[in-house]
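Asks: Sharing protein_1.txt here; it has compact mmCIF, C-alpha atoms.
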```txt
# COMPACT_ATOMS: atom_id res chain seq x y z
CA MET A 1 0.00 0.00 0.00
CA LYS A 2 2.84 2.37 0.90
CA LYS A 3 4.45 1.62 -2.45
CA PHE A 4 1.17 2.38 -4.31
CA LEU A 5 0.72 5.71 -2.51
CA ALA A 6 4.30 6.74 -3.31
CA LEU A 7 3.81 6.06 -6.99
CA LEU A 8 0.53 8.01 -7.02
CA LEU A 9 2.15 11.00 -5.33
CA ALA A 10 5.01 11.01 -7.87
CA ALA A 11 2.58 10.99 -10.77
CA LEU A 12 0.62 13.94 -9.37
CA LEU A 13 3.83 15.92 -8.93
CA VAL A 14 4.90 15.37 -12.56
CA PHE A 15 1.45 16.45 -13.88
CA THR A 16 1.51 19.66 -11.76
CA LEU A 17 4.96 20.66 -12.96
CA ALA A 18 3.99 20.07 -16.62
CA ALA A 19 0.91 22.25 -16.29
CA CYS A 20 2.88 25.10 -14.76
CA GLN A 21 5.61 25.06 -17.41
CA GLY A 22 3.30 24.75 -20.46
CA GLY A 23 1.37 28.06 -20.08
CA THR A 24 -2.08 28.36 -21.60
CA PRO A 25 -2.83 25.22 -23.50
CA ALA A 26 -3.04 25.63 -27.28
CA ALA A 27 -6.56 25.93 -28.64
CA PRO A 28 -7.68 22.94 -30.57
CA GLU A 29 -7.00 23.22 -34.29
CA ALA A 30 -10.00 24.60 -36.13
CA PRO A 31 -11.44 22.19 -38.64
CA PRO A 32 -10.56 23.10 -42.23
CA ALA A 33 -13.03 25.57 -43.76
CA PRO A 34 -15.35 23.93 -46.21
CA GLU A 35 -14.45 24.64 -49.85
CA ALA A 36 -16.66 27.26 -51.45
CA THR A 37 -19.14 25.84 -53.93
CA PRO A 38 -17.73 26.86 -57.30
CA THR A 39 -19.90 29.13 -59.43
CA PRO A 40 -20.96 27.09 -62.42
CA GLU A 41 -19.46 28.36 -65.63
CA ALA A 42 -21.75 29.43 -68.42
CA PRO A 43 -22.07 26.59 -70.87
CA GLU A 44 -19.88 26.88 -73.87
CA PRO A 45 -21.88 27.81 -76.98
CA ASP A 46 -22.29 25.10 -79.51
CA PRO A 47 -19.31 25.23 -81.83
CA GLU A 48 -19.88 26.43 -85.36
CA PRO A 49 -20.27 23.46 -87.66
CA GLU A 50 -17.13 22.49 -89.47
CA PRO A 51 -17.05 24.00 -92.96
CA GLU A 52 -18.03 21.61 -95.68
CA GLU A 53 -15.70 20.99 -98.52
CA GLY A 54 -16.14 23.82 -100.98
CA PHE A 55 -17.07 23.43 -104.60
CA ALA A 56 -15.21 24.33 -107.70
CA ALA A 57 -17.25 27.13 -109.25
CA SER A 58 -17.62 25.11 -112.43
CA ASP A 59 -19.46 22.40 -110.45
CA ILE A 60 -22.21 24.75 -109.27
CA HIS A 61 -25.55 24.62 -111.04
CA ILE A 62 -28.33 26.93 -109.85
CA ALA A 63 -32.09 26.66 -110.24
CA LEU A 64 -34.44 29.59 -109.64
CA VAL A 65 -37.97 28.23 -109.28
CA ALA A 66 -41.16 30.26 -109.74
CA HIS A 67 -44.22 29.61 -107.59
CA SER A 68 -46.79 29.54 -110.40
CA PRO A 69 -47.15 29.56 -114.19
CA ASP A 70 -47.92 33.29 -114.03
CA SER A 71 -44.75 34.10 -112.12
CA ILE A 72 -42.38 35.38 -114.79
CA LEU A 73 -38.65 36.03 -114.58
CA ASP A 74 -38.86 39.78 -115.27
CA ASP A 75 -41.53 40.32 -112.64
CA GLY A 76 -40.07 43.51 -111.20
CA SER A 77 -40.03 41.71 -107.87
CA PHE A 78 -38.64 38.56 -106.26
CA ASN A 79 -37.76 36.56 -109.33
CA GLU A 80 -36.01 39.47 -110.99
CA GLY A 81 -34.10 40.45 -107.83
CA ALA A 82 -32.97 36.88 -107.16
CA TRP A 83 -31.95 36.43 -110.80
CA GLN A 84 -29.80 39.57 -110.62
CA GLY A 85 -27.91 38.04 -107.69
CA ILE A 86 -27.46 34.80 -109.62
CA GLN A 87 -26.19 36.62 -112.69
CA ARG A 88 -23.70 38.59 -110.61
CA PHE A 89 -22.41 35.34 -109.14
CA LEU A 90 -21.97 33.82 -112.61
CA SER A 91 -20.16 36.94 -113.81
CA THR A 92 -17.89 37.10 -110.76
CA HIS A 93 -16.73 33.52 -111.26
CA GLY A 94 -16.63 33.50 -115.04
CA LEU A 95 -19.42 30.94 -115.38
CA SER A 96 -21.46 30.53 -118.53
CA ALA A 97 -25.21 31.13 -118.66
CA ASP A 98 -26.00 27.42 -118.63
CA HIS A 99 -24.97 27.23 -114.96
CA ALA A 100 -28.32 28.80 -114.00
CA ARG A 101 -31.86 28.10 -115.14
CA PHE A 102 -35.29 29.52 -114.41
CA PHE A 103 -38.13 27.01 -113.92
CA GLN A 104 -41.89 27.58 -113.96
CA PRO A 105 -44.40 25.01 -112.65
CA HIS A 106 -47.39 23.91 -114.70
CA SER A 107 -49.77 24.83 -111.87
CA ALA A 108 -49.79 26.93 -108.71
CA ASP A 109 -49.76 24.20 -106.04
CA ASP A 110 -47.21 22.45 -103.86
CA VAL A 111 -47.31 19.17 -105.80
CA ALA A 112 -46.33 20.98 -109.00
CA ARG A 113 -43.61 22.94 -107.18
CA VAL A 114 -42.04 19.81 -105.68
CA ASP A 115 -42.21 18.01 -109.03
CA LEU A 116 -40.54 20.96 -110.72
CA VAL A 117 -37.71 21.05 -108.20
CA ALA A 118 -37.21 17.31 -108.72
CA ASP A 119 -36.91 18.01 -112.45
CA ALA A 120 -34.40 20.81 -111.80
CA ILE A 121 -32.28 18.53 -109.63
CA ALA A 122 -32.46 15.74 -112.19
CA ALA A 123 -31.15 18.29 -114.72
CA GLY A 124 -28.11 18.93 -112.50
CA ALA A 125 -29.09 21.68 -110.05
CA ASN A 126 -27.29 21.39 -106.71
CA ILE A 127 -28.55 24.65 -105.19
CA VAL A 128 -32.15 25.83 -105.58
CA VAL A 129 -33.48 29.34 -104.92
CA LEU A 130 -37.14 29.53 -103.88
CA PRO A 131 -38.57 33.08 -103.90
CA GLY A 132 -41.43 33.90 -101.59
CA PHE A 133 -43.91 32.63 -99.03
CA HIS A 134 -45.62 30.35 -101.56
CA PHE A 135 -42.85 27.81 -100.87
CA ILE A 136 -43.41 27.50 -97.10
CA GLY A 137 -45.07 24.11 -97.43
CA ALA A 138 -43.25 22.73 -100.46
CA SER A 139 -39.80 23.63 -99.14
CA ALA A 140 -40.36 21.54 -96.00
CA GLU A 141 -40.93 18.51 -98.23
CA MET A 142 -38.11 19.34 -100.63
CA GLN A 143 -35.41 19.68 -97.98
CA GLU A 144 -36.21 16.19 -96.68
CA MET A 145 -36.49 14.59 -100.12
CA PHE A 146 -33.17 16.01 -101.35
CA PRO A 147 -30.77 16.23 -98.38
CA ASP A 148 -27.72 16.59 -100.65
CA VAL A 149 -29.12 19.68 -102.38
CA LYS A 150 -28.96 23.17 -100.86
CA PHE A 151 -32.07 25.37 -100.73
CA VAL A 152 -32.30 29.14 -100.33
CA LEU A 153 -35.82 30.18 -99.31
CA LEU A 154 -36.44 33.91 -99.64
CA ASP A 155 -38.81 35.79 -97.36
CA ALA A 156 -40.09 32.72 -95.53
CA THR A 157 -39.22 29.72 -93.35
CA PRO A 158 -40.11 26.13 -94.25
CA ALA A 159 -43.01 24.71 -92.28
CA GLY A 160 -41.43 23.13 -89.22
CA GLY A 161 -38.19 25.07 -89.64
CA PRO A 162 -35.16 24.94 -91.95
CA ALA A 163 -33.19 21.70 -92.19
CA ALA A 164 -29.39 21.67 -92.35
CA ASN A 165 -29.53 22.04 -96.13
CA THR A 166 -31.84 25.10 -96.13
CA ALA A 167 -31.11 28.75 -95.41
CA ALA A 168 -34.24 30.80 -94.67
CA ILE A 169 -33.72 34.45 -95.62
CA HIS A 170 -35.77 37.26 -94.13
CA TYR A 171 -35.74 41.01 -94.69
CA ALA A 172 -36.60 43.89 -92.36
CA GLU A 173 -39.55 45.12 -94.40
CA GLU A 174 -40.58 47.42 -91.57
CA GLN A 175 -37.30 49.32 -91.96
CA ALA A 176 -37.68 49.59 -95.74
CA GLY A 177 -41.27 50.81 -95.32
CA PHE A 178 -40.12 53.26 -92.64
CA LEU A 179 -37.62 54.81 -95.05
CA ALA A 180 -40.32 55.11 -97.73
CA GLY A 181 -42.78 56.84 -95.39
CA TYR A 182 -40.11 59.11 -93.97
CA ALA A 183 -38.88 60.14 -97.42
CA ALA A 184 -42.42 60.79 -98.70
CA VAL A 185 -43.26 63.22 -95.91
CA MET A 186 -39.84 64.88 -96.02
CA GLU A 187 -40.33 65.32 -99.77
CA GLY A 188 -43.48 67.31 -99.05
CA TYR A 189 -46.32 64.81 -99.52
CA ARG A 190 -49.08 65.04 -96.95
CA SER A 191 -51.88 62.87 -98.38
CA LEU A 192 -50.49 59.33 -98.62
CA GLY A 193 -51.85 55.93 -99.55
CA PHE A 194 -50.81 52.35 -98.87
CA MET A 195 -51.99 49.51 -101.12
CA GLY A 196 -50.86 46.07 -100.03
CA GLY A 197 -51.52 42.85 -101.86
CA ILE A 198 -52.65 40.50 -99.08
CA ALA A 199 -52.07 40.95 -95.35
CA VAL A 200 -49.26 38.41 -95.18
CA PRO A 201 -46.52 39.23 -92.63
CA ALA A 202 -44.05 40.79 -95.08
CA VAL A 203 -46.68 43.11 -96.55
CA VAL A 204 -48.01 44.04 -93.11
CA ARG A 205 -44.51 44.96 -91.96
CA PHE A 206 -44.02 47.13 -95.06
CA GLY A 207 -47.27 48.96 -94.32
CA HIS A 208 -46.70 49.40 -90.59
CA GLY A 209 -43.17 50.62 -91.25
CA PHE A 210 -44.48 53.13 -93.80
CA LEU A 211 -46.80 54.64 -91.20
CA GLN A 212 -44.04 54.86 -88.58
CA GLY A 213 -41.67 56.52 -91.04
CA ALA A 214 -44.30 59.12 -91.92
CA GLU A 215 -44.84 59.73 -88.20
CA HIS A 216 -41.13 60.22 -87.58
CA ALA A 217 -40.89 62.74 -90.42
CA ALA A 218 -43.96 64.60 -89.18
CA GLU A 219 -42.32 64.87 -85.75
CA SER A 220 -39.06 66.09 -87.29
CA LEU A 221 -40.91 68.76 -89.28
CA GLU A 222 -43.07 69.67 -86.27
CA LEU A 223 -46.29 69.16 -88.25
CA GLU A 224 -49.70 69.34 -86.65
CA ALA A 225 -51.67 66.22 -85.76
CA GLY A 226 -53.72 65.12 -88.76
CA GLU A 227 -51.67 67.14 -91.23
CA VAL A 228 -50.40 63.85 -92.69
CA THR A 229 -53.14 61.38 -93.66
CA VAL A 230 -52.92 57.82 -94.99
CA LEU A 231 -55.53 55.69 -96.75
CA TYR A 232 -54.67 52.06 -95.93
CA TYR A 233 -55.96 49.16 -98.03
CA TYR A 234 -55.26 45.54 -99.02
CA VAL A 235 -56.33 44.89 -102.60
CA GLY A 236 -56.77 41.13 -102.10
CA GLY A 237 -54.08 39.74 -104.40
CA PHE A 238 -50.77 40.25 -106.13
CA ALA A 239 -51.88 40.07 -109.76
CA PRO A 240 -52.42 43.18 -111.89
CA SER A 241 -56.06 44.05 -112.48
CA PRO A 242 -58.19 46.87 -113.92
CA GLU A 243 -59.97 47.14 -110.57
CA VAL A 244 -56.74 48.05 -108.78
CA ALA A 245 -55.90 50.63 -111.44
CA THR A 246 -59.38 52.14 -111.12
CA THR A 247 -59.17 52.30 -107.32
CA ALA A 248 -55.74 53.94 -107.43
CA SER A 249 -56.91 56.46 -110.01
CA ALA A 250 -59.91 57.33 -107.83
CA TRP A 251 -57.63 57.88 -104.84
CA PHE A 252 -55.47 60.28 -106.81
CA VAL A 253 -58.50 62.17 -108.10
CA ASP A 254 -59.70 62.52 -104.50
CA GLY A 255 -56.42 64.09 -103.43
CA VAL A 256 -53.99 61.29 -102.53
CA GLU A 257 -50.56 62.40 -103.72
CA VAL A 258 -48.48 59.22 -103.48
CA ILE A 259 -49.29 55.52 -102.97
CA PHE A 260 -46.88 52.96 -101.56
CA ALA A 261 -47.76 49.83 -103.56
CA ALA A 262 -46.55 46.72 -101.72
CA ALA A 263 -48.58 44.48 -103.96
CA GLY A 264 -46.33 42.54 -106.32
CA GLY A 265 -47.65 42.59 -109.87
CA ALA A 266 -50.66 44.63 -108.74
CA GLY A 267 -48.21 47.48 -108.21
CA GLY A 268 -48.15 47.86 -111.99
CA SER A 269 -51.86 48.58 -111.89
CA VAL A 270 -51.29 51.24 -109.23
CA MET A 271 -48.73 52.80 -111.56
CA SER A 272 -51.31 52.79 -114.37
CA GLY A 273 -53.75 54.62 -112.11
CA ALA A 274 -51.07 57.18 -111.26
CA GLU A 275 -50.21 57.71 -114.91
CA ALA A 276 -53.87 58.32 -115.71
CA SER A 277 -54.48 60.71 -112.82
CA GLY A 278 -51.22 62.51 -112.16
CA GLY A 279 -50.17 60.74 -108.97
CA SER A 280 -46.90 59.28 -107.71
CA VAL A 281 -46.01 55.75 -106.61
CA ILE A 282 -43.47 54.17 -104.29
CA GLY A 283 -42.39 50.78 -105.60
CA VAL A 284 -41.44 47.70 -103.61
CA ASP A 285 -38.91 44.85 -103.33
CA VAL A 286 -36.63 46.01 -106.17
CA ASP A 287 -35.84 49.30 -107.85
CA GLN A 288 -38.97 49.90 -109.94
CA SER A 289 -37.96 53.31 -111.27
CA GLY A 290 -37.65 51.84 -114.77
CA ASP A 291 -41.24 50.60 -114.76
CA SER A 292 -42.81 54.06 -114.87
CA ASP A 293 -41.89 57.72 -114.56
CA VAL A 294 -44.45 58.01 -111.74
CA VAL A 295 -42.27 55.87 -109.43
CA ILE A 296 -40.46 58.30 -107.13
CA THR A 297 -38.55 55.62 -105.18
CA SER A 298 -38.80 51.97 -104.07
CA ALA A 299 -38.72 50.26 -100.67
CA MET A 300 -36.15 47.66 -101.59
CA LYS A 301 -35.06 44.32 -100.20
CA ALA A 302 -31.52 43.41 -101.18
CA LEU A 303 -32.66 40.23 -102.92
CA ASP A 304 -29.66 40.22 -105.21
CA VAL A 305 -27.22 40.69 -102.31
CA SER A 306 -28.72 37.91 -100.20
CA VAL A 307 -28.80 35.42 -103.08
CA TYR A 308 -25.25 36.30 -104.10
CA ASP A 309 -24.09 35.85 -100.49
CA MET A 310 -25.75 32.42 -100.19
CA LEU A 311 -24.21 31.24 -103.45
CA THR A 312 -20.81 32.46 -102.28
CA ASP A 313 -21.22 30.55 -99.00
CA PHE A 314 -22.09 27.43 -100.97
CA LEU A 315 -19.01 27.84 -103.12
CA GLU A 316 -16.75 28.27 -100.08
CA GLY A 317 -18.24 25.42 -98.06
CA THR A 318 -19.76 27.73 -95.42
CA PHE A 319 -23.44 27.45 -96.36
CA ARG A 320 -25.52 28.68 -93.42
CA GLY A 321 -28.09 25.91 -93.48
CA GLY A 322 -30.53 25.25 -90.66
CA ARG A 323 -30.75 28.95 -89.87
CA GLU A 324 -33.04 31.95 -90.33
CA LEU A 325 -30.99 34.92 -91.49
CA MET A 326 -32.13 38.54 -91.22
CA PHE A 327 -31.06 41.09 -93.82
CA ASP A 328 -31.70 44.52 -92.31
CA ALA A 329 -30.16 47.99 -92.38
CA SER A 330 -27.10 46.83 -90.44
CA VAL A 331 -26.02 44.65 -93.39
CA ASN A 332 -27.50 46.88 -96.12
CA GLY A 333 -30.27 44.34 -96.52
CA ILE A 334 -32.91 47.01 -97.21
CA GLY A 335 -32.96 50.58 -98.50
CA LEU A 336 -34.10 53.14 -101.05
CA PRO A 337 -32.32 53.43 -104.42
CA MET A 338 -31.30 57.06 -104.03
CA ASN A 339 -29.36 57.15 -107.30
CA THR A 340 -32.54 56.51 -109.31
CA SER A 341 -35.13 58.12 -107.01
CA ARG A 342 -37.01 61.13 -108.33
CA PHE A 343 -36.93 63.32 -105.24
CA GLN A 344 -36.90 67.09 -105.47
CA GLU A 345 -36.56 67.91 -101.76
CA PHE A 346 -35.41 64.80 -99.91
CA THR A 347 -31.62 64.69 -100.08
CA GLN A 348 -28.91 62.06 -99.97
CA ALA A 349 -27.61 63.59 -96.74
CA GLN A 350 -31.03 63.27 -95.11
CA TYR A 351 -31.28 59.67 -96.27
CA ASP A 352 -27.82 58.80 -94.96
CA ALA A 353 -28.65 60.33 -91.59
CA ILE A 354 -31.91 58.43 -91.09
CA PHE A 355 -30.39 55.20 -92.42
CA ALA A 356 -27.56 55.50 -89.89
CA LEU A 357 -30.10 55.77 -87.06
CA LEU A 358 -31.71 52.53 -88.21
CA THR A 359 -28.34 50.86 -88.53
CA ASN A 360 -27.11 51.70 -85.04
CA GLY A 361 -30.43 50.97 -83.36
CA SER A 362 -31.24 54.55 -82.38
CA ILE A 363 -34.55 54.09 -84.21
CA VAL A 364 -36.37 50.81 -83.65
CA VAL A 365 -39.31 50.19 -85.94
CA SER A 366 -42.12 47.99 -84.68
CA ASN A 367 -42.42 44.80 -86.73
CA VAL A 368 -45.57 43.53 -85.05
CA VAL A 369 -47.92 41.73 -87.44
CA THR A 370 -51.65 42.19 -86.92
CA GLU A 371 -54.71 42.03 -89.13
CA THR A 372 -55.45 45.73 -88.68
CA VAL A 373 -53.37 48.80 -87.97
CA SER A 374 -55.47 49.63 -84.91
CA GLU A 375 -54.58 46.28 -83.34
CA ALA A 376 -50.85 46.95 -83.74
CA ASN A 377 -50.82 49.91 -81.32
CA LEU A 378 -48.22 51.69 -83.42
CA PRO A 379 -46.72 54.87 -81.95
CA LEU A 380 -48.79 57.22 -84.11
CA SER A 381 -49.95 60.56 -82.75
CA LEU A 382 -49.58 62.89 -85.73
CA VAL A 383 -50.40 60.66 -88.71
CA GLU A 384 -54.09 60.00 -89.26
CA VAL A 385 -54.80 56.54 -90.75
CA THR A 386 -58.04 55.49 -92.44
CA GLU A 387 -58.33 51.71 -92.93
CA LEU A 388 -60.59 50.71 -95.80
CA ASN A 389 -60.70 46.92 -95.41
```
Would you mind writing the structure in this file as structure tokens?
Replies:
Amino acid sequence: MKKFLALLLAALLVFTLAACQGGTPAAPEAPPAPEATPTPEAPEPDPEPEPEEGFAASDIHIALVAHSPDSILDDGSFNEGAWQGIQRFLSTHGLSADHARFFQPHSADDVARVDLVADAIAAGANIVVLPGFHFIGASAEMQEMFPDVKFVLLDATPAGGPAANTAAIHYAEEQAGFLAGYAAVMEGYRSLGFMGGIAVPAVVRFGHGFLQGAEHAAESLELEAGEVTVLYYYVGGFAPSPEVATTASAWFVDGVEVIFAAAGGAGGSVMSGAEASGGSVIGVDVDQSGDSDVVITSAMKALDVSVYDMLTDFLEGTFRGGRELMFDASVNGIGLPMNTSRFQEFTQAQYDAIFALLTNGSIVVSNVVTETVSEANLPLSLVEVTELN
């Protein structure tokens, strides 16, 4: 027992000495801080598809396909504009005329259009240009039937969207219409008219843009509300007719000074009415100054530029298939042909200034598509619009 007590006493003495010599005991080590949850990185955008192997220019064969038997090559509209782009491509690359052909279907329906494209491909076409909304349905079928052929659809998108072999080209019609309306009011016109073919989206955007351009000019000139008036009407089709000419003539007799005719072939009838009654006309799609002396300018889409660009992409193996491409002011995709316009007051400098504001986004033109102008809620406070449909 004595031995046990001695050992216990010795142990207590050692513990006391250690405590006195060690000072304040070290705090226990803090556990490692948890790692911060990393902020997820934004997903990398899908890489651009690898360029396809380009073509030799001599291997390219182009088909331009009309939508109906009545759709002629020199239509002063889509066919003519697209053909100009094709011809420029042939000239640039030293290709003979037989590298491009124009095809017309035997009837105005999708079955005939698809059959015609099949014929064009059988004849050697490896890129097909389809002008206009009439091809919305047929192009969807074509792009699946002929996956090795490239398609350029102008002013529309295939039903269900473009496949990898189709580029869908669109134009900022509202900007082109805006320039036409702005120029008309700046030129001095106060009683305006708009005659559209049918209220399809492209025509509606032309018309709505025209009204907004007139409004912007009226604001710039500090005109009174109602000083600029617009009769607004859809004629019901795109074919020329005596009825359209008669209506246009009556408008001019009643005091309308200029009509923006976004009506395809029916625009020629508006020109006839202007010639008979002393009015002026604004053309559409292409430069129509050569069609009549009454055409003061044209709200143009750069059909030739867009077709030329798509053919160049095809040649270089960078065809932008599977996409909807917008040609607007920022890429000179729309505009007025100032070198052939018959303005007396509206100047090149004024045009350049307003075009620059469209290009840099300082002016944004509404492109809303509605059945009536009143439904669109356009920012109009000075221009008075009378809808006749």
Asks: Please compute the CA of Ser58 in chain A-CA of Ala167 in chain A distance, one decimal, in Å.
Replies: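 Pair CA of Ser58 in chain A / CA of Ala167 in chain A returns 22.0 Å.
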Asks: Which residue gives the smallest distance to Ala248 in chain A among A:Met195, A:Ile60, A:Met300, A:Val203, with all atoms listed in the file counted?
Replies: A:Met195
Asks: Determine, counting all atoms listed in the file, which protein, DNA and RNA residues have an atom within 12 Å of an atom of Asp285 in chain A; residues of the same chain fewer than 2 positions away are not included. Present the result as a PyMOL selection string.
Replies: chain A and resi 75-82+131-132+154-155+171-173+176-177+180+202-203+206+260-265+267+282-283+287-289+297-304+333-337
Asks: So which one's closest to Ser374 in chain A, A:Thr386, A:Val65, A:Arg88, A:Met310? Using only C-alpha atoms, please.
Replies: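 Closest residue, counting only C-alpha atoms: A:Thr386.
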Asks: I want to know what sits within 12 Å of Met186 in chain A, based on all atoms listed in the file, with residues of the same chain fewer than 4 positions away left out; could you give that as a PyMOL selection string?
Replies: chain A and resi 179-182+190+213-223+228+343-348+350-351+354
Asks: Report, in Å to a single decimal, how far apart CA of Pro162 in chain A and CA of Val284 in chain A are.
Replies: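 These two atoms are separated by 26.3 Å.
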Asks: Taking into account all atoms listed in the file, which residue in the set A:Ala118, A:Ala199, A:Val111, A:Ile259 is nearest to Gly278 in chain A?
Replies: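 For Gly278 in chain A, the nearest of the candidates is A:Ile259.
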Asks: Excluding Glu384 in chain A and any residue of its chain fewer than 2 positions from it, enumerate the residues within 12 Å of it, using all atoms listed in the file, and give them as a ChimeraX atom specification.
Replies: /A:190-193,211-212,214-215,218,224-232,373-374,378-382,386-387
Asks: Keeping C-alpha atoms for every residue in the selection just given, could you write it to a file as a compact mmCIF listing (two decimals), in the frame of the given file?
Replies:
```
# COMPACT_ATOMS: atom_id res chain seq x y z
CA ARG A 190 -49.08 65.04 -96.95
CA SER A 191 -51.88 62.87 -98.38
CA LEU A 192 -50.49 59.33 -98.62
CA GLY A 193 -51.85 55.93 -99.55
CA LEU A 211 -46.80 54.64 -91.20
CA GLN A 212 -44.04 54.86 -88.58
CA ALA A 214 -44.30 59.12 -91.92
CA GLU A 215 -44.84 59.73 -88.20
CA ALA A 218 -43.96 64.60 -89.18
CA GLU A 224 -49.70 69.34 -86.65
CA ALA A 225 -51.67 66.22 -85.76
CA GLY A 226 -53.72 65.12 -88.76
CA GLU A 227 -51.67 67.14 -91.23
CA VAL A 228 -50.40 63.85 -92.69
CA THR A 229 -53.14 61.38 -93.66
CA VAL A 230 -52.92 57.82 -94.99
CA LEU A 231 -55.53 55.69 -96.75
CA TYR A 232 -54.67 52.06 -95.93
CA VAL A 373 -53.37 48.80 -87.97
CA SER A 374 -55.47 49.63 -84.91
CA LEU A 378 -48.22 51.69 -83.42
CA PRO A 379 -46.72 54.87 -81.95
CA LEU A 380 -48.79 57.22 -84.11
CA SER A 381 -49.95 60.56 -82.75
CA LEU A 382 -49.58 62.89 -85.73
CA THR A 386 -58.04 55.49 -92.44
CA GLU A 387 -58.33 51.71 -92.93
```
Asks: The residues within 12 Å of (-49.8, 36.0, -92.3), using all atoms listed in the file and the coordinates of the file, should be reported as an MDAnalysis selection string; which are they?
Replies: chainID A and resid 133:134 136 156 197:205 368:372
Asks: Nearest to Ala239 in chain A among A:Ala56, A:Ala159, A:Asp110, A:Gly268, with distances taken over only C-alpha atoms: which residue is it?
Replies: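 Of A:Ala56, A:Ala159, A:Asp110, A:Gly268, the one nearest Ala239 in chain A is A:Gly268, counting only C-alpha atoms.
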Asks: Counting only C-alpha atoms, which of A:Ser366, A:Ala97, A:Ser272, A:Asp74 gets nearest to Phe252 in chain A?
Replies: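 Among A:Ser366, A:Ala97, A:Ser272, A:Asp74, it is A:Ser272 that comes nearest to Phe252 in chain A.
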Asks: Figure out the distance between CA of Ser249 in chain A and CA of Tyr189 in chain A, please, to one decimal in Å.
Replies: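 Atom-to-atom, CA of Tyr189 in chain A and CA of Ser249 in chain A are spaced 17.1 Å apart.
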Asks: Neighbours of Leu358 in chain A within 8 Å (only C-alpha atoms; same-chain residues fewer than 6 positions away dropped), as a list of chain:residue names?
Replies: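 So, after excluding close chain neighbours, the residues are A:Gln175, A:Ala329, A:Ser330, A:Val364.
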